[in-house]
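Coordinates from my_file_29.txt are shown below (compact mmCIF, C-alpha atoms).
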```txt
# COMPACT_ATOMS: atom_id res chain seq x y z
CA MET A 1 -32.34 -33.78 57.29
CA PHE A 2 -35.84 -33.99 55.78
CA ARG A 3 -35.01 -31.17 53.34
CA ASN A 4 -31.81 -32.93 52.30
CA SER A 5 -33.80 -36.10 51.66
CA ILE A 6 -36.28 -34.22 49.42
CA LYS A 7 -33.40 -32.49 47.60
CA SER A 8 -31.64 -35.80 47.04
CA CYS A 9 -34.86 -37.33 45.72
CA LEU A 10 -35.41 -34.44 43.29
CA ILE A 11 -31.83 -34.66 42.01
CA SER A 12 -32.21 -38.42 41.53
CA ARG A 13 -35.47 -37.94 39.59
CA ASN A 14 -33.90 -35.24 37.42
CA GLN A 15 -30.91 -37.47 36.63
CA GLU A 16 -33.27 -40.31 35.71
CA PHE A 17 -35.27 -37.93 33.49
CA GLN A 18 -32.09 -36.79 31.73
CA ARG A 19 -31.00 -40.42 31.20
CA CYS A 20 -34.38 -41.30 29.69
CA LYS A 21 -34.28 -38.19 27.50
CA HIS A 22 -30.75 -39.06 26.32
CA THR A 23 -31.78 -42.67 25.58
CA ALA A 24 -34.82 -41.47 23.63
CA LYS A 25 -32.65 -39.12 21.58
CA LEU A 26 -30.17 -41.90 20.74
CA GLU A 27 -33.04 -44.13 19.69
CA ALA A 28 -34.35 -41.35 17.45
CA ILE A 29 -30.93 -41.04 15.81
CA ARG A 30 -30.69 -44.82 15.44
CA GLU A 31 -34.12 -44.80 13.78
CA LYS A 32 -32.88 -42.09 11.44
CA LEU A 33 -29.90 -44.29 10.65
CA ARG A 34 -32.17 -47.23 9.88
CA GLU A 35 -34.01 -45.02 7.41
CA GLY A 36 -30.75 -43.75 5.94
CA PRO A 37 -27.76 -45.59 4.44
CA GLY A 38 -27.16 -49.03 5.88
CA LEU A 39 -25.20 -52.15 4.99
CA SER A 40 -27.35 -52.64 1.88
CA ASP A 41 -26.25 -49.18 0.69
CA PHE A 42 -22.63 -49.92 1.46
CA ILE A 43 -22.20 -53.07 -0.62
CA ALA A 44 -23.16 -54.07 -4.13
CA ASP A 45 -26.56 -55.58 -4.93
CA ASP A 46 -25.18 -58.52 -6.88
CA ARG A 47 -24.00 -60.49 -3.84
CA PRO A 48 -25.83 -63.79 -3.21
CA LYS A 49 -28.68 -63.51 -0.71
CA ASP A 50 -28.92 -67.26 -0.08
CA TRP A 51 -25.92 -67.37 2.27
CA GLU A 52 -27.82 -69.58 4.73
CA GLU A 53 -27.71 -72.37 2.12
CA TYR A 54 -23.96 -72.08 1.59
CA GLU A 55 -22.37 -75.51 2.14
CA GLY A 56 -18.71 -74.58 1.71
CA LYS A 57 -16.16 -74.88 4.48
CA LEU A 58 -16.05 -71.80 6.73
CA LYS A 59 -13.45 -72.83 9.31
CA ARG A 60 -10.02 -74.46 9.24
CA GLU A 61 -9.44 -77.32 11.65
CA LYS A 62 -6.41 -77.29 13.92
CA GLY A 63 -3.27 -78.12 11.96
CA GLU A 64 -4.83 -77.52 8.53
CA GLN A 65 -2.82 -75.23 6.28
CA GLU A 66 -4.93 -74.80 3.16
CA ARG A 67 -6.65 -71.48 2.53
CA LEU A 68 -10.43 -71.36 2.81
CA ARG A 69 -12.45 -70.55 -0.27
CA LEU A 70 -14.12 -67.15 -0.23
CA PRO A 71 -17.83 -67.46 0.63
CA PRO A 72 -20.36 -65.71 -1.64
CA TRP A 73 -21.21 -62.89 0.77
CA LEU A 74 -17.61 -61.62 0.64
CA LYS A 75 -17.20 -61.44 -3.13
CA THR A 76 -16.96 -57.86 -4.39
CA SER A 77 -17.09 -56.30 -7.84
CA ILE A 78 -13.95 -55.00 -9.56
CA PRO A 79 -13.88 -51.21 -8.98
CA THR A 80 -14.74 -49.25 -12.13
CA GLY A 81 -16.55 -46.10 -13.22
CA SER A 82 -15.75 -42.49 -14.00
CA LYS A 83 -16.18 -41.33 -10.40
CA PHE A 84 -13.81 -44.02 -9.13
CA ASN A 85 -11.18 -43.01 -11.69
CA GLU A 86 -11.70 -39.32 -10.92
CA VAL A 87 -11.00 -39.81 -7.22
CA LYS A 88 -8.00 -42.02 -8.02
CA GLU A 89 -6.48 -39.44 -10.37
CA GLN A 90 -7.08 -36.61 -7.93
CA LEU A 91 -5.32 -38.49 -5.13
CA ARG A 92 -2.38 -39.19 -7.44
CA SER A 93 -2.10 -35.55 -8.53
CA LEU A 94 -2.03 -34.39 -4.91
CA LYS A 95 0.44 -37.15 -3.97
CA LEU A 96 -1.82 -38.48 -1.23
CA SER A 97 -1.97 -42.07 0.02
CA THR A 98 -5.14 -43.82 1.13
CA VAL A 99 -5.63 -46.75 3.44
CA CYS A 100 -8.24 -47.89 0.91
CA GLU A 101 -5.45 -48.91 -1.47
CA GLU A 102 -2.65 -49.71 0.95
CA ALA A 103 -4.79 -52.04 3.09
CA ARG A 104 -6.53 -53.49 -0.01
CA CYS A 105 -9.98 -52.70 1.35
CA PRO A 106 -12.73 -54.72 -0.40
CA ASN A 107 -15.06 -51.70 -0.37
CA ILE A 108 -12.81 -49.36 -2.35
CA GLY A 109 -15.05 -49.48 -5.44
CA GLU A 110 -18.19 -48.62 -3.47
CA CYS A 111 -16.60 -45.79 -1.48
CA TRP A 112 -14.70 -44.12 -4.30
CA SER A 113 -17.52 -44.38 -6.83
CA GLY A 114 -20.08 -43.14 -4.29
CA GLY A 115 -22.35 -46.19 -4.23
CA LYS A 116 -26.13 -45.74 -4.20
CA GLN A 117 -25.90 -42.54 -2.18
CA GLY A 118 -23.60 -40.90 -4.72
CA MET A 119 -21.28 -39.74 -1.93
CA SER A 120 -17.64 -40.50 -2.63
CA THR A 121 -15.33 -40.90 0.34
CA ALA A 122 -11.81 -42.07 1.00
CA THR A 123 -9.77 -42.56 4.14
CA ILE A 124 -6.62 -40.51 3.65
CA MET A 125 -3.42 -41.98 5.04
CA LEU A 126 -0.99 -39.38 6.34
CA MET A 127 2.79 -39.49 6.81
CA GLY A 128 3.49 -41.62 3.75
CA ASP A 129 2.79 -45.20 2.78
CA THR A 130 5.55 -46.89 4.78
CA CYS A 131 5.04 -48.06 8.37
CA THR A 132 7.66 -48.73 11.03
CA ARG A 133 5.67 -51.70 12.33
CA GLY A 134 4.91 -55.06 10.80
CA CYS A 135 1.52 -56.38 11.90
CA MET A 136 0.70 -59.80 10.49
CA PHE A 137 -2.70 -58.75 9.14
CA CYS A 138 -1.66 -55.58 7.30
CA SER A 139 -0.26 -55.20 3.78
CA VAL A 140 1.15 -51.67 4.20
CA LYS A 141 4.87 -51.44 3.40
CA THR A 142 7.27 -51.49 6.35
CA SER A 143 10.70 -50.00 7.05
CA ARG A 144 12.74 -49.00 10.08
CA ALA A 145 13.52 -45.67 8.41
CA PRO A 146 10.64 -44.41 6.25
CA PRO A 147 11.05 -41.24 4.15
CA PRO A 148 10.82 -37.92 6.06
CA LEU A 149 7.47 -36.22 6.50
CA ASP A 150 6.22 -33.90 3.77
CA ALA A 151 5.57 -30.51 5.38
CA ARG A 152 3.14 -29.64 2.56
CA GLU A 153 0.92 -32.68 3.18
CA PRO A 154 -1.48 -30.99 5.65
CA ARG A 155 -2.34 -28.26 3.13
CA ARG A 156 -2.62 -30.68 0.22
CA THR A 157 -4.92 -32.90 2.27
CA ALA A 158 -7.12 -29.95 3.23
CA ALA A 159 -7.25 -28.90 -0.42
CA ALA A 160 -8.42 -32.36 -1.48
CA VAL A 161 -11.09 -32.43 1.22
CA ALA A 162 -12.31 -28.98 0.16
CA GLN A 163 -12.53 -30.05 -3.49
CA TRP A 164 -14.55 -33.14 -2.63
CA GLY A 165 -17.06 -31.07 -0.66
CA LEU A 166 -17.41 -33.73 2.01
CA GLY A 167 -19.21 -33.31 5.32
CA TYR A 168 -17.20 -36.06 7.06
CA ILE A 169 -13.60 -37.08 6.48
CA VAL A 170 -11.48 -39.84 7.99
CA LEU A 171 -7.74 -39.35 8.45
CA THR A 172 -5.46 -42.20 9.41
CA SER A 173 -1.74 -42.87 9.23
CA VAL A 174 1.03 -45.39 9.34
CA ASP A 175 2.98 -45.84 12.58
CA ARG A 176 6.04 -43.61 12.72
CA ASP A 177 8.06 -44.85 15.68
CA ASP A 178 11.09 -43.20 14.08
CA LEU A 179 9.73 -39.74 14.99
CA PRO A 180 10.05 -38.36 18.55
CA ASP A 181 6.32 -37.53 18.70
CA GLY A 182 5.18 -40.37 16.48
CA GLY A 183 3.95 -37.78 13.99
CA SER A 184 1.22 -36.48 16.30
CA ALA A 185 2.00 -32.81 15.56
CA HIS A 186 1.81 -33.47 11.80
CA PHE A 187 -1.52 -35.22 12.30
CA ALA A 188 -2.86 -32.34 14.39
CA GLU A 189 -1.72 -29.73 11.86
CA THR A 190 -3.67 -31.54 9.14
CA VAL A 191 -6.85 -31.43 11.23
CA LYS A 192 -6.35 -27.73 11.96
CA GLU A 193 -5.77 -26.97 8.28
CA ILE A 194 -8.96 -28.79 7.29
CA LYS A 195 -10.94 -26.95 9.95
CA ARG A 196 -9.45 -23.61 8.88
CA GLN A 197 -10.83 -24.13 5.40
CA ASN A 198 -14.20 -25.48 6.56
CA ASN A 199 -15.05 -25.48 10.25
CA GLU A 200 -18.33 -27.32 9.59
CA ILE A 201 -16.67 -30.50 8.33
CA LEU A 202 -16.51 -33.38 10.81
CA VAL A 203 -13.08 -34.96 11.15
CA GLU A 204 -12.39 -38.47 12.40
CA CYS A 205 -8.79 -39.44 13.16
CA LEU A 206 -7.89 -43.13 13.20
CA VAL A 207 -4.55 -42.84 14.96
CA PRO A 208 -1.59 -45.04 16.01
CA ASP A 209 -0.96 -45.70 19.71
CA PHE A 210 2.06 -43.35 19.95
CA ARG A 211 3.44 -45.99 22.33
CA GLY A 212 0.92 -44.77 24.87
CA ASN A 213 2.61 -41.36 25.23
CA ARG A 214 0.13 -39.06 27.00
CA ASP A 215 1.50 -35.84 25.47
CA CYS A 216 1.11 -37.23 21.95
CA ILE A 217 -2.44 -38.38 22.68
CA ASP A 218 -3.19 -34.91 24.09
CA THR A 219 -1.89 -33.29 20.91
CA ILE A 220 -4.42 -35.26 18.89
CA ALA A 221 -7.33 -35.20 21.34
CA ASN A 222 -7.31 -31.40 21.55
CA CYS A 223 -6.44 -30.44 17.97
CA GLY A 224 -10.05 -29.82 16.92
CA LEU A 225 -11.05 -33.27 15.70
CA ASP A 226 -14.52 -34.69 16.36
CA VAL A 227 -13.92 -38.45 16.54
CA PHE A 228 -10.88 -40.15 18.09
CA ALA A 229 -10.45 -43.67 16.71
CA HIS A 230 -7.81 -46.25 17.57
CA ASN A 231 -8.27 -49.91 16.67
CA ILE A 232 -7.91 -52.75 19.14
CA GLU A 233 -7.92 -55.13 16.12
CA THR A 234 -8.38 -58.46 17.92
CA VAL A 235 -8.94 -60.16 21.28
CA GLU A 236 -6.27 -60.09 23.99
CA ARG A 237 -5.14 -63.73 23.55
CA LEU A 238 -4.42 -63.26 19.83
CA THR A 239 -2.83 -59.79 20.04
CA PRO A 240 0.82 -61.01 20.27
CA PHE A 241 0.35 -63.14 17.12
CA VAL A 242 -1.64 -60.60 15.09
CA ARG A 243 -0.16 -57.21 15.93
CA ASP A 244 3.40 -55.89 16.02
CA ARG A 245 5.15 -56.57 19.34
CA ARG A 246 5.14 -52.83 20.09
CA ALA A 247 1.35 -52.78 20.01
CA GLY A 248 -0.52 -54.10 23.02
CA TYR A 249 -4.10 -54.88 23.95
CA ARG A 250 -3.90 -53.06 27.30
CA GLN A 251 -1.99 -50.19 25.72
CA THR A 252 -4.78 -49.69 23.19
CA LEU A 253 -7.39 -49.63 25.95
CA LYS A 254 -5.30 -47.05 27.80
CA VAL A 255 -4.97 -44.85 24.69
CA LEU A 256 -8.75 -44.83 24.20
CA GLU A 257 -9.33 -44.13 27.88
CA THR A 258 -6.76 -41.32 27.95
CA ALA A 259 -8.24 -39.58 24.90
CA LYS A 260 -11.66 -39.49 26.55
CA GLU A 261 -10.12 -38.29 29.80
CA LEU A 262 -8.25 -35.45 28.05
CA ASN A 263 -11.29 -34.39 26.01
CA PRO A 264 -14.62 -35.73 27.35
CA ASP A 265 -16.49 -34.24 24.37
CA LEU A 266 -14.76 -36.57 21.92
CA VAL A 267 -16.57 -39.52 20.39
CA THR A 268 -14.21 -42.51 20.72
CA LYS A 269 -14.27 -45.40 18.31
CA THR A 270 -12.50 -48.72 17.70
CA SER A 271 -12.67 -51.81 15.50
CA ILE A 272 -12.36 -55.59 15.87
CA MET A 273 -11.48 -58.09 13.12
CA LEU A 274 -13.19 -61.47 13.34
CA GLY A 275 -12.10 -64.74 11.80
CA LEU A 276 -8.61 -65.01 13.31
CA GLY A 277 -9.43 -67.83 15.73
CA GLU A 278 -11.11 -65.90 18.53
CA THR A 279 -13.91 -67.44 20.61
CA ASP A 280 -17.29 -65.88 21.32
CA GLU A 281 -16.33 -65.50 24.97
CA GLN A 282 -13.18 -63.59 24.01
CA VAL A 283 -15.10 -61.24 21.69
CA GLU A 284 -17.65 -60.64 24.44
CA GLN A 285 -14.87 -59.82 26.93
CA THR A 286 -13.21 -57.47 24.45
CA MET A 287 -16.46 -55.58 23.98
CA LYS A 288 -16.89 -55.29 27.75
CA ASP A 289 -13.28 -54.07 28.14
CA LEU A 290 -13.92 -51.38 25.51
CA ARG A 291 -17.07 -50.19 27.24
CA SER A 292 -15.21 -50.07 30.57
CA VAL A 293 -12.90 -47.35 29.15
CA GLY A 294 -15.78 -45.37 27.67
CA VAL A 295 -15.53 -46.29 23.99
CA ASP A 296 -18.62 -44.95 22.20
CA CYS A 297 -18.64 -46.61 18.78
CA LEU A 298 -17.56 -50.07 17.63
CA THR A 299 -17.20 -51.73 14.26
CA LEU A 300 -16.72 -55.46 13.68
CA GLY A 301 -15.70 -56.90 10.32
CA GLN A 302 -14.28 -60.01 8.67
CA TYR A 303 -10.49 -60.37 8.52
CA MET A 304 -9.36 -60.86 4.91
CA GLN A 305 -5.88 -62.20 4.15
CA PRO A 306 -4.24 -59.49 1.99
CA THR A 307 -1.39 -61.64 0.58
CA LYS A 308 0.02 -65.15 0.98
CA ARG A 309 2.66 -63.74 3.36
CA HIS A 310 0.07 -62.69 5.91
CA LEU A 311 -2.02 -64.57 8.45
CA LYS A 312 -4.47 -67.03 6.96
CA VAL A 313 -8.17 -66.65 7.64
CA PHE A 314 -9.08 -69.11 10.37
CA GLU A 315 -12.83 -68.73 9.91
CA TYR A 316 -15.33 -66.93 7.71
CA VAL A 317 -17.90 -65.57 10.14
CA THR A 318 -21.51 -65.75 8.93
CA PRO A 319 -23.75 -62.68 8.53
CA ALA A 320 -25.99 -64.12 11.27
CA LYS A 321 -23.10 -64.06 13.76
CA PHE A 322 -22.28 -60.47 12.82
CA GLN A 323 -25.91 -59.55 13.46
CA HIS A 324 -25.59 -61.17 16.88
CA TRP A 325 -22.58 -58.96 17.75
CA GLU A 326 -24.42 -55.85 16.57
CA ARG A 327 -27.30 -56.62 18.94
CA ARG A 328 -24.88 -57.40 21.76
CA GLY A 329 -23.03 -54.12 21.20
CA ASN A 330 -26.25 -52.16 21.56
CA GLU A 331 -27.09 -54.10 24.73
CA LEU A 332 -23.70 -53.28 26.24
CA GLY A 333 -24.29 -49.57 25.70
CA PHE A 334 -22.22 -48.58 22.67
CA LEU A 335 -23.77 -45.54 21.01
CA TYR A 336 -23.38 -47.33 17.71
CA THR A 337 -22.27 -50.82 16.66
CA ALA A 338 -21.61 -51.55 12.97
CA SER A 339 -21.13 -55.27 12.45
CA GLY A 340 -20.96 -57.09 9.12
CA PRO A 341 -18.61 -59.13 6.92
CA LEU A 342 -17.54 -56.13 4.83
CA VAL A 343 -17.67 -53.50 7.55
CA ARG A 344 -14.36 -51.73 8.11
CA SER A 345 -13.16 -49.00 10.49
CA SER A 346 -14.39 -46.37 8.04
CA TYR A 347 -18.01 -47.35 7.55
CA ARG A 348 -20.33 -44.90 5.82
CA ALA A 349 -23.46 -45.84 7.75
CA GLY A 350 -21.48 -45.40 10.96
CA GLU A 351 -20.28 -42.00 9.81
CA PHE A 352 -23.92 -41.07 9.10
CA PHE A 353 -24.85 -41.95 12.69
CA ILE A 354 -21.90 -40.11 14.24
CA SER A 355 -22.63 -37.04 12.09
CA SER A 356 -26.21 -36.97 13.38
CA LEU A 357 -25.02 -37.37 16.96
CA LEU A 358 -22.41 -34.60 16.73
CA LYS A 359 -24.74 -32.17 14.94
CA ASP A 360 -27.37 -32.75 17.62
CA ARG A 361 -24.78 -32.04 20.35
CA LYS A 362 -23.67 -28.88 18.57
CA ALA A 363 -27.26 -27.64 18.20
CA LYS A 364 -27.82 -28.10 21.95
CA SER A 365 -24.71 -26.11 22.83
CA LEU A 366 -25.84 -23.04 20.83
```
Show me the file's structure as structure tokens.
Amino acid sequence: MFRNSIKSCLISRNQEFQRCKHTAKLEAIREKLREGPGLSDFIADDRPKDWEEYEGKLKREKGEQERLRLPPWLKTSIPTGSKFNEVKEQLRSLKLSTVCEEARCPNIGECWSGGKQGMSTATIMLMGDTCTRGCMFCSVKTSRAPPPLDAREPRRTAAAVAQWGLGYIVLTSVDRDDLPDGGSAHFAETVKEIKRQNNEILVECLVPDFRGNRDCIDTIANCGLDVFAHNIETVERLTPFVRDRRAGYRQTLKVLETAKELNPDLVTKTSIMLGLGETDEQVEQTMKDLRSVGVDCLTLGQYMQPTKRHLKVFEYVTPAKFQHWERRGNELGFLYTASGPLVRSSYRAGEFFISSLLKDRKAKSL
């Protein structure tokens, strides 16, 4: 009994040592991130820095219908430049769609032109530009019967990635409820084709929920990708008003949990939009729910109304509040929390952190 007690004590001390070592390593990577590209590298320099003095209206009162004026920290430059045009022309020639254009991302100019870091990136949208769902925040085209899949798309996508010479690529897609497997096999084939051409590249897949189908999730989780991302989008109370009726808050949590269960080595990631009428308590609960299913990385950004037909912005969240959620995310145990008005699911500073984390894991396994 005495020997068992000593053995138990030694195991406990070793586990504590490993936890401390792991925490120290994460802090070292976070410090590297702070020294590398951050929010200031992700957005243009010409945005007003005196946001604390802004006196405009940031929140609609109950019953008000008018649209809020855009605050200064959300104004972006019109995308221009030779690099931007080069990426645009290349995507057109390869007949590839990007979520950057379809979702009218405000950072398209920075990402495609390369920004200060000179590293161009785009989030490629697979399976066409027409979705079978109609979420109230999204400007992607919808149809019950989108065009059939292009069997050549995986190879074309891999060719584009190879030409760009990227170290990290994000693949996403529309929802394809018209397909028996939701397009999961097509998604997986694209990842495999990219890895066949360059096994060193890190691939993040921002996927649909596949209606929670375990086999479809397994197809993606074990296709060779490095990061499994699926967005929860908003808090539970607002989900029925923001997302398509076929999408569900609990279903999203289950998808993220299942992916980690099927492949524990995966980094899992999700994103929350703020400014739709959520309360601080609801955001806090959402973050706790995500941690409870093992989500590793979280991004929080400002919801922007894409067209007059979509949900109006209820509130423009201040940079100070976004900083609060970033601190809270770190306290709750997320490996990385990217939080800012212009942060989106595909966030270059976040990709920098995840790259460092995955490369460190790979080095340890050798």
Problem set entry | Test item: residues at most 10 Å from A:Ala145, only C-alpha atoms, excluding those fewer than 2 positions along its chain, as a list in words |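 Within the cut-off, the hits are Thr130, Cys131, Thr132, Thr142, Ser143, Pro147, Pro148, Arg176, Asp177, Asp178 and Leu179 of chain A.
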Exercise. Quick one: of A:Leu126, A:Ala162, A:Ala185, A:Val170, who's nearest to A:Gln197, counting all atoms listed in the file?
Worked result: A:Ala162
Residues at most 10 Å from A:Ala159, counting all atoms listed in the file, excluding those fewer than 4 positions away in the same chain, as a PDB file with C-alpha atoms, in the coordinates of the input?
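Produced file part36.pdb, reproduced below:
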```
ATOM      1  CA  LEU A  94      -2.030 -34.390  -4.910  1.00  0.00           C
ATOM      2  CA  GLU A 153       0.920 -32.680   3.180  1.00  0.00           C
ATOM      3  CA  PRO A 154      -1.480 -30.990   5.650  1.00  0.00           C
ATOM      4  CA  ARG A 155      -2.340 -28.260   3.130  1.00  0.00           C
ATOM      5  CA  GLN A 163     -12.530 -30.050  -3.490  1.00  0.00           C
ATOM      6  CA  TRP A 164     -14.550 -33.140  -2.630  1.00  0.00           C
ATOM      7  CA  GLU A 193      -5.770 -26.970   8.280  1.00  0.00           C
ATOM      8  CA  ILE A 194      -8.960 -28.790   7.290  1.00  0.00           C
ATOM      9  CA  GLN A 197     -10.830 -24.130   5.400  1.00  0.00           C
TER      10      GLN A 197
END
```
Problem set entry | Local residues around (-16.3, -60.3, 8.6), at most 6 Å away, using all atoms listed in the file, as a list in words |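 Using all atoms listed in the file, the matching residues come out as Leu274, Gly301, Gln302, Tyr303, Val317, Gly340, Pro341 and Leu342 of chain A.
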Problem set entry | atom CA of A:Leu68 to atom CA of A:Glu315, straight-line distance in Å |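 About the pair atom CA of A:Glu315 and atom CA of A:Leu68: they are 7.9 Å apart.
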Problem set entry | For A:Asp296: contacts at 6 Å, only C-alpha atoms, fewer than 2 positions along chain excluded, given as JSON, numbers by chain | {"A": [268, 269, 334, 335]}
For this session: Extract, using all atoms listed in the file, all DNA, RNA and protein residues at most 10 Å from stretch 211-223 of chain A, discarding same-chain residues fewer than 4 positions from it, and format them as a PyMOL selection string.
Result: chain A and resi 175+177+180-192+195+205+207+227-228+246-248+250-256+258-266
Exercise. In Å, how far is it from atom CA of A:Asn231 to atom CA of A:Cys135?
Worked result: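 Spanning atom CA of A:Asn231 to atom CA of A:Cys135 is a straight-line distance of 12.7 Å.
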For this session: Find the residues near A:Thr270: any atom within 6 Å, counting all atoms listed in the file, skip ones fewer than 6 places away on the same chain, and give them as a PyMOL selection string.
Result: chain A and resi 229-231+298
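Distance-wise, atom CA of A:Ser271 and atom CA of A:Leu300 end up 5.7 Å apart.
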Exercise. Using all atoms listed in the file, which of A:Glu233, A:Lys312, A:Leu166, A:Ala158 sits nearest A:Leu202?
Worked result: A:Leu166
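Using all atoms listed in the file, the nearest neighbour of A:Gly63 within the list A:Glu278, A:Arg144, A:Phe314, A:Val267 is A:Phe314.
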Since the input is missing atoms for stretch 179-197 of chain A, could you rebuild it with N, CA, C and O atoms and give the result as an mmCIF file, in the frame of the given file?
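Output file out18.cif is given in full below:
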```cif
data_model
loop_
_atom_site.group_PDB
_atom_site.id
_atom_site.type_symbol
_atom_site.label_atom_id
_atom_site.label_comp_id
_atom_site.auth_asym_id
_atom_site.auth_seq_id
_atom_site.Cartn_x
_atom_site.Cartn_y
_atom_site.Cartn_z
ATOM 1 N N LEU A 179 9.868 -41.159 14.650
ATOM 2 C CA LEU A 179 9.730 -39.740 14.990
ATOM 3 C C LEU A 179 9.546 -39.579 16.494
ATOM 4 O O LEU A 179 8.835 -40.365 17.123
ATOM 5 N N PRO A 180 10.162 -38.556 17.094
ATOM 6 C CA PRO A 180 10.050 -38.360 18.550
ATOM 7 C C PRO A 180 8.615 -38.292 19.056
ATOM 8 O O PRO A 180 8.311 -38.807 20.134
ATOM 9 N N ASP A 181 7.716 -37.653 18.271
ATOM 10 C CA ASP A 181 6.320 -37.530 18.700
ATOM 11 C C ASP A 181 5.393 -38.468 17.939
ATOM 12 O O ASP A 181 4.167 -38.335 18.018
ATOM 13 N N GLY A 182 5.984 -39.425 17.228
ATOM 14 C CA GLY A 182 5.180 -40.370 16.480
ATOM 15 C C GLY A 182 4.396 -39.755 15.337
ATOM 16 O O GLY A 182 3.548 -40.403 14.722
ATOM 17 N N GLY A 183 4.672 -38.480 15.050
ATOM 18 C CA GLY A 183 3.950 -37.780 13.990
ATOM 19 C C GLY A 183 2.661 -37.122 14.469
ATOM 20 O O GLY A 183 1.868 -36.651 13.662
ATOM 21 N N SER A 184 2.473 -37.030 15.776
ATOM 22 C CA SER A 184 1.220 -36.480 16.300
ATOM 23 C C SER A 184 1.031 -35.008 15.921
ATOM 24 O O SER A 184 -0.090 -34.577 15.624
ATOM 25 N N ALA A 185 2.100 -34.222 15.918
ATOM 26 C CA ALA A 185 2.000 -32.810 15.560
ATOM 27 C C ALA A 185 1.598 -32.646 14.098
ATOM 28 O O ALA A 185 0.803 -31.763 13.746
ATOM 29 N N HIS A 186 2.143 -33.493 13.233
ATOM 30 C CA HIS A 186 1.810 -33.470 11.800
ATOM 31 C C HIS A 186 0.330 -33.811 11.614
ATOM 32 O O HIS A 186 -0.376 -33.168 10.823
ATOM 33 N N PHE A 187 -0.127 -34.808 12.329
ATOM 34 C CA PHE A 187 -1.520 -35.220 12.300
ATOM 35 C C PHE A 187 -2.420 -34.053 12.722
ATOM 36 O O PHE A 187 -3.413 -33.721 12.052
ATOM 37 N N ALA A 188 -2.068 -33.433 13.848
ATOM 38 C CA ALA A 188 -2.860 -32.340 14.390
ATOM 39 C C ALA A 188 -2.894 -31.142 13.440
ATOM 40 O O ALA A 188 -3.940 -30.493 13.275
ATOM 41 N N GLU A 189 -1.779 -30.846 12.800
ATOM 42 C CA GLU A 189 -1.720 -29.730 11.860
ATOM 43 C C GLU A 189 -2.659 -29.968 10.675
ATOM 44 O O GLU A 189 -3.287 -29.033 10.164
ATOM 45 N N THR A 190 -2.763 -31.218 10.243
ATOM 46 C CA THR A 190 -3.670 -31.540 9.140
ATOM 47 C C THR A 190 -5.114 -31.270 9.526
ATOM 48 O O THR A 190 -5.893 -30.702 8.750
ATOM 49 N N VAL A 191 -5.482 -31.678 10.737
ATOM 50 C CA VAL A 191 -6.850 -31.430 11.230
ATOM 51 C C VAL A 191 -7.116 -29.931 11.285
ATOM 52 O O VAL A 191 -8.167 -29.446 10.826
ATOM 53 N N LYS A 192 -6.177 -29.171 11.829
ATOM 54 C CA LYS A 192 -6.350 -27.730 11.960
ATOM 55 C C LYS A 192 -6.478 -27.058 10.594
ATOM 56 O O LYS A 192 -7.271 -26.122 10.417
ATOM 57 N N GLU A 193 -5.709 -27.538 9.627
ATOM 58 C CA GLU A 193 -5.770 -26.970 8.280
ATOM 59 C C GLU A 193 -7.126 -27.251 7.630
ATOM 60 O O GLU A 193 -7.705 -26.383 6.972
ATOM 61 N N ILE A 194 -7.639 -28.440 7.826
ATOM 62 C CA ILE A 194 -8.960 -28.790 7.290
ATOM 63 C C ILE A 194 -10.033 -27.914 7.925
ATOM 64 O O ILE A 194 -10.918 -27.376 7.245
ATOM 65 N N LYS A 195 -9.961 -27.763 9.235
ATOM 66 C CA LYS A 195 -10.940 -26.950 9.950
ATOM 67 C C LYS A 195 -10.825 -25.474 9.597
ATOM 68 O O LYS A 195 -11.833 -24.745 9.601
ATOM 69 N N ARG A 196 -9.622 -25.007 9.282
ATOM 70 C CA ARG A 196 -9.450 -23.610 8.880
ATOM 71 C C ARG A 196 -10.188 -23.329 7.572
ATOM 72 O O ARG A 196 -10.760 -22.262 7.387
ATOM 73 N N GLN A 197 -10.170 -24.312 6.687
ATOM 74 C CA GLN A 197 -10.830 -24.130 5.400
ATOM 75 C C GLN A 197 -12.336 -24.342 5.486
ATOM 76 O O GLN A 197 -13.095 -23.739 4.733
#
```
